[in-house]
Structure formats: C-alpha cells, structure tokens
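These notes are about the structure you will find just below.
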Amino acid sequence: MLKIKAWCLSMVTAALVLCFSLIGVHSAQPVIDVRNTPRITHLGGLSPQSPPGELFYCEEDGLRQIDVPFVAIARSRHAHVTLQLRADSPNGELLRESTIKPEIELTGPAWVSFDFEAVPDSGGKVFHITIAPADEAATNLSCWVRYHGQTGVNDPWGDRFLPAGGAQRGDFISHHANLRCLAFPVETLFPGLGVASLKIYDSAISKVPLRTCTLKAHDEVNAGWAFFAFDPIAESRWKRYYFELQVPKHCRLIGTTDPNRTEIPAYKTFHGLESSGSPLLGMTRGTERQTDRDLVFRTWCNDDPMKMLALLNKRTEGKLWIAAALWVIATALCLRVFVFFTPGPGAPQDDATS
C-alpha cells in the first residue's frame with residue numbers, strides 16, 4: 001500500500017511541476033521580438049528628413065501593437081513621436097497611425113508601446129513601420145539598431161570630441177572572419193554637406209584600399225552611431241587592418257585615447273554573413289532600404305492562450321505530448337527514488353511510542 005501511495009504522489013507531483021512550467025507558455029508572447037542584449041548601437045535623434053523604419057513579414061492575424069525601445073540622448077523636452085504602419089512598402093497604403101509622448105529617463109532605454117486598432121487580416125502579409133517626430137522637428141529621442149553580424153571590437157561610446165573634419169586613422173585586429181562593417185559614434189554627421197567615407201587597407205603603406213564605403217545623404221546621424229558597411233572581407237580572422245575615415249568639416253567624432261595617450265575614434269567592428277528565413281526584411285531610412293540591419297522592435301497580435309503550445313506541437317511534428325508524457329514518467333521515477341521512497345523490509349524502523 002505504501003508503494004502504491006508513493007508512486008501516486010510521484011506522478012501527481014511530476015504532473016503539477018509540468019503544469020506550472022507551462023504557465024509561461026500560456027501567457028501572451030510577441031510575434032516578432034528583435035533581441036539585442038545588451039543594446040550597443042543607437043541611431044541618434046529622430047529626424048523628419050530621414051525617419052527610420054523597418055519592413056517585416058507578419059505571420060499572424062490581428063496585428064495590434066508595436067513596441068519600440070527609446071533612449072534619451074540629451075536633457076531636453078521630450079517630443080511626441082508618431083508610428084505609421086503601411087502595407088507592403090515605405091510608399092504603401094497607410095493602415096494605422098499612433099502618436100504618443102514617450103517618458104524616457106536618461107538612465108537607459110525603455111520600451112514604448114504604440115497601440116492601434118487591430119489589423120484583422122495581417123497574417124501572411126508584409127508591413128512597413130516608420131518612426132518620426134510628430135511635430136516635424138528633430139527630437140532628443142533615439143531608437144536602437146541591430147546590425148547583422150557578430151561584434152568583434154566593442155568600444156564604449158567614448159569620452160571626448162575629436163577635432164572636427166579631416167581624416168582619422170587607426171588600425172585593429174579582426175576577431176572574426178567576414179569583416180563587413182565599422183560603426184563610429186558621432187556628434188553630428190550630414191553626408192549631404194560633405195564627404196563621409198571609410199577606406200580599409202591591409203597594410204600601413206598600402207595605397208590601394210581593400211574596401212571603400214561612402215555614406216549618402218539619408219545616412220545622417222545626430223548623436224548616434226554611423227555605420228560604414230562594405231562587402232565582407234573573407235578570411236579576415238586575426239588579421240590586422242588599417243582604416244582611414246574622412247568626415248565633413250562640421251562633423252565631430254567621439255573618441256578616446258590609446259595606450260600612448262593619442263586621441264583615436266571609438267568604433268565597433270561587425271562580422272558575419274547574411275541569414276535567411278527571418279521575418280525581418282531590413283531597415284529603411286526614408287525610402288532607402290538597408291538590408292544589413294534592423295530596428296529593435298517587437299510586434300503583438302491577437303492573444304491566443306494555446307498559440308505557443310500549437311506552435312511547439314507543430315515544430316515537433318505532433319510529438320510534443322509524447323515528450324511531455326515521457327518527461328512526467330522520468331520525473332516521477334526520480335521523485336519515487338529520491339523523495340517518496342519506502343524503506344525495505346530490512347531497513348531500520350523508528351521505535352514506536354506508547
């Protein structure tokens with residue numbers, strides 16, 4: 001009788017543990033969640049001339065909310081921000097619009113939710129979002145960008161302004177293969193007012209660059225990171241490269257000092273090749289596509305408490321419940337052996353008290 005009771009307790013406990021483990025699966029989950037932790041590159045103050053956006057594929061019906069993390073880049077009045085949702089492309093039909101005033105502290109980024117009337121037939125369609133100041137003036141709020149690839153050198157923001165204009169030079173060792181981008185923090189950068197270009201060399205005395213990247217007018221930056229992207233350099237791992245960065249006269253780079261106390265620009269290097277099969281279709285600046293990076297955001301659709309279980313069952317080809325049953329049996333066996341065990345006939349018994 002004691003053995004049967006121990007087995008029953010083991011099975012019931014294992015089943016309860018499984019049920020509690022599935023509580024999180026039943027809660028609402030974002031359909032798209034661009035994870036980038038810690039966030040390392042923000043775009044700079046929002047500008048109405050070249051507002052950031054993103055193209056994405058929505059897998060479910062009922063698109064109703066989009067969250068965007070913002071960071072305050074200066075102590076000033078926070079403005080209203082408008083998110084526009086369009087069909088198919090940056091020039092597509094305007095479907096929804098939401099305007100809010102984010103309350104952001106200088107201590108770090110915070111998620112801001114743009115709610116709107118649900119799009120009932122959003123499943124299987126492509127959408128485009130744009131984030132812009134509502135009053136047609138630049139703001140001190142910045143959203144975050146995730147560049148595709150692995151970060152090789154992760155310099156901090158920097159602690160000083162470098163002399164405006166001119167050329168900045170430096171060298172670095174590539175930590176990974178397929179070097180494809182360098183990002184530099186800048187106070188202001190308007191490529192439409194002058195040349196903003198980066199050249200990569202494989203030798204300090206070389207006159208012919210391996211790669212050259214020139215920014216366009218829509219790549220303006222206000223207190224953010226400027227991305228200089230180029231075709232990947234294969235087999236770049238552990239090789240030393242030299243760069244020359246030319247910026248317009250008014251532009252001030254943000255930098256630091258090297259071990260010799262020489263002022264140098266801060267920067268980040270990115271490596272890797274494109275991935276496929278993602279619902280993210282690339283960032284936009286105005287109407288220009290930038291397929292090598294994405295905005296950090298997340299989308300929400302109609303809440304279905306069984307959605308995650310159905311998705312897990314689909315991805316396991318209907319074997320989810322078999323796996324759950326085996327898990328319960330294995331857990332019950334462990335509980336029976338180590339927790340709800342019963343002493344054998346020869347085990348010492350406690351003295352009975354009268």
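By order of appearance in the structure tokens: chains A, B, ..., then residues from 1 within every chain, and ligands from 1 in the order shown.
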
Item to check | Near-A:Arg240 list (10 Å; only C-alpha atoms; drop same-chain fewer than 2 positions) as a PyMOL selection string | outcome: chain A and resi 171-175+201-204+236-238+242

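Omitting stretch 216-225 of chain A and its sequence neighbours fewer than 2 positions away, and counting only C-alpha atoms, the residues within 7 Å are Thr41, His42, Leu43, Gly44, Gly45, Ser50, Ala183, Phe184, Pro185, Val186, Glu187, Thr188, Leu189, Phe190, Pro191, Gly192, Thr214, Phe227 and Arg285 of chain A.
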
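Across the model, the gap from atom CA of A:Leu85 to atom CA of A:Ile129 is 4.7 Å.
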
Item to check | stretch 265-270 of chain A environment, 6 Å, only C-alpha atoms, sequence neighbours closer than 5 positions dropped, as a PyMOL selection string | outcome: chain A and resi 149-155+158+180-184+254-255

Item to check | Residue contacts of stretch 295-298 of chain A (8 Å, only C-alpha atoms) excluding same-chain residues fewer than 6 positions away, as a PyMOL selection string | outcome: chain A and resi 30-36+52-54+66-69+143-146+283

Those residues you just picked out, can you put them in a file as a compact mmCIF listing (two decimals), in the first residue's frame with C-alpha atoms?
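Saved to selection_35.txt:
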# COMPACT_ATOMS: atom_id res chain seq x y z
CA PRO A 30 5.23 38.83 -29.13
CA VAL A 31 5.09 37.52 -32.68
CA ILE A 32 8.36 39.30 -33.59
CA ASP A 33 10.94 40.17 -30.95
CA VAL A 34 14.21 41.66 -32.18
CA ARG A 35 16.54 40.71 -29.34
CA ASN A 36 19.77 42.63 -28.93
CA PRO A 52 13.96 55.19 -39.53
CA GLY A 53 11.67 52.34 -40.44
CA GLU A 54 11.51 48.58 -40.87
CA ILE A 66 4.26 47.55 -31.85
CA ASP A 67 6.83 48.25 -29.13
CA VAL A 68 9.99 50.27 -29.74
CA PRO A 69 12.78 50.96 -27.20
CA CYS A 143 15.74 54.21 -31.26
CA TRP A 144 18.11 51.25 -31.45
CA VAL A 145 19.60 49.43 -34.41
CA ARG A 146 20.85 45.85 -34.58
CA MET A 283 15.67 48.70 -42.05

Would you return as a compact mmCIF listing (two decimals) with C-alpha atoms, in the first residue's frame the members of stretch 155-273 of chain A that DSSP assigns to strand (DSSP E or B) on this structure's backbone?
# COMPACT_ATOMS: atom_id res chain seq x y z
CA ARG A 160 35.74 63.24 -25.76
CA PHE A 161 35.15 65.04 -29.03
CA ALA A 167 40.83 62.35 -41.63
CA GLN A 168 41.10 59.93 -38.73
CA ARG A 169 43.35 56.89 -38.96
CA GLY A 170 43.70 53.75 -36.90
CA ASP A 171 44.33 50.02 -37.00
CA PHE A 172 42.73 46.96 -35.47
CA ILE A 173 42.86 43.17 -35.49
CA LEU A 179 34.62 41.60 -41.62
CA ARG A 180 31.82 43.71 -43.08
CA CYS A 181 31.23 46.95 -41.16
CA LEU A 182 32.71 49.57 -38.84
CA ALA A 183 30.48 51.86 -36.78
CA PHE A 184 31.66 55.17 -35.30
CA PRO A 185 29.92 57.41 -32.74
CA VAL A 186 29.49 60.98 -33.96
CA GLU A 187 28.05 64.21 -32.60
CA THR A 188 26.50 65.16 -35.94
CA LEU A 189 27.00 63.76 -39.41
CA SER A 197 33.87 57.86 -46.38
CA LEU A 198 35.82 54.97 -44.90
CA LYS A 199 38.73 53.13 -46.53
CA ILE A 200 40.11 49.80 -45.29
CA TYR A 201 43.71 48.78 -46.04
CA ARG A 211 37.17 48.31 -49.32
CA THR A 212 35.68 51.79 -49.61
CA CYS A 213 32.34 52.94 -48.22
CA THR A 214 30.78 56.39 -48.76
CA VAL A 221 23.27 60.96 -37.67
CA ASN A 222 22.62 63.19 -34.67
CA ALA A 223 24.46 61.92 -31.57
CA GLY A 224 24.42 58.29 -32.65
CA TRP A 225 26.36 55.56 -34.43
CA ALA A 226 27.25 55.89 -38.11
CA PHE A 227 27.54 52.54 -39.94
CA PHE A 228 30.11 52.21 -42.70
CA ALA A 229 29.22 48.90 -44.36
CA PHE A 230 31.10 47.18 -47.18
CA ASP A 231 31.29 43.80 -48.90
CA PRO A 232 32.54 41.16 -46.42
CA ILE A 233 36.28 40.52 -46.34
CA ARG A 240 45.42 43.45 -38.88
CA TYR A 241 43.69 46.14 -40.91
CA TYR A 242 44.14 49.87 -41.19
CA PHE A 243 41.36 52.41 -41.72
CA GLU A 244 41.14 56.00 -42.87
CA LEU A 245 37.93 57.84 -42.01
CA GLN A 246 37.08 61.10 -43.78
CA LEU A 253 33.72 62.21 -33.99
CA ILE A 254 33.52 60.88 -30.45
CA GLY A 255 36.63 59.11 -29.29
CA THR A 256 39.00 58.04 -26.58
CA THR A 257 42.76 57.59 -26.11
CA GLU A 263 43.26 60.51 -29.32
CA ILE A 264 41.53 57.97 -31.56
CA PRO A 265 37.91 57.50 -32.63
CA LYS A 268 32.81 48.82 -33.30
CA THR A 269 33.57 46.12 -35.86
CA PHE A 270 30.96 43.69 -37.20
CA HIS A 271 31.47 40.32 -38.85

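Distances here use only C-alpha atoms; by that measure, the residue among A:Val208, A:Ala177, A:Ala87, A:Cys334 closest to A:Tyr57 is A:Ala87.
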
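Computed from the coordinates, the atom CA of A:Gly272 to atom CA of A:Glu235 distance equals 10.8 Å.
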
Checklist entry - Which residues, written as a PyMOL selection string, have at least one atom at most 12 Å from A:Leu95, with only C-alpha atoms counted and residues fewer than 4 positions away on the same chain left out? => result chain A and resi 63-64+83-91+116-122+127-130

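One distance worth recording is that between atom CA of A:Ala234 and atom CA of A:Arg293, which is 19.6 Å.
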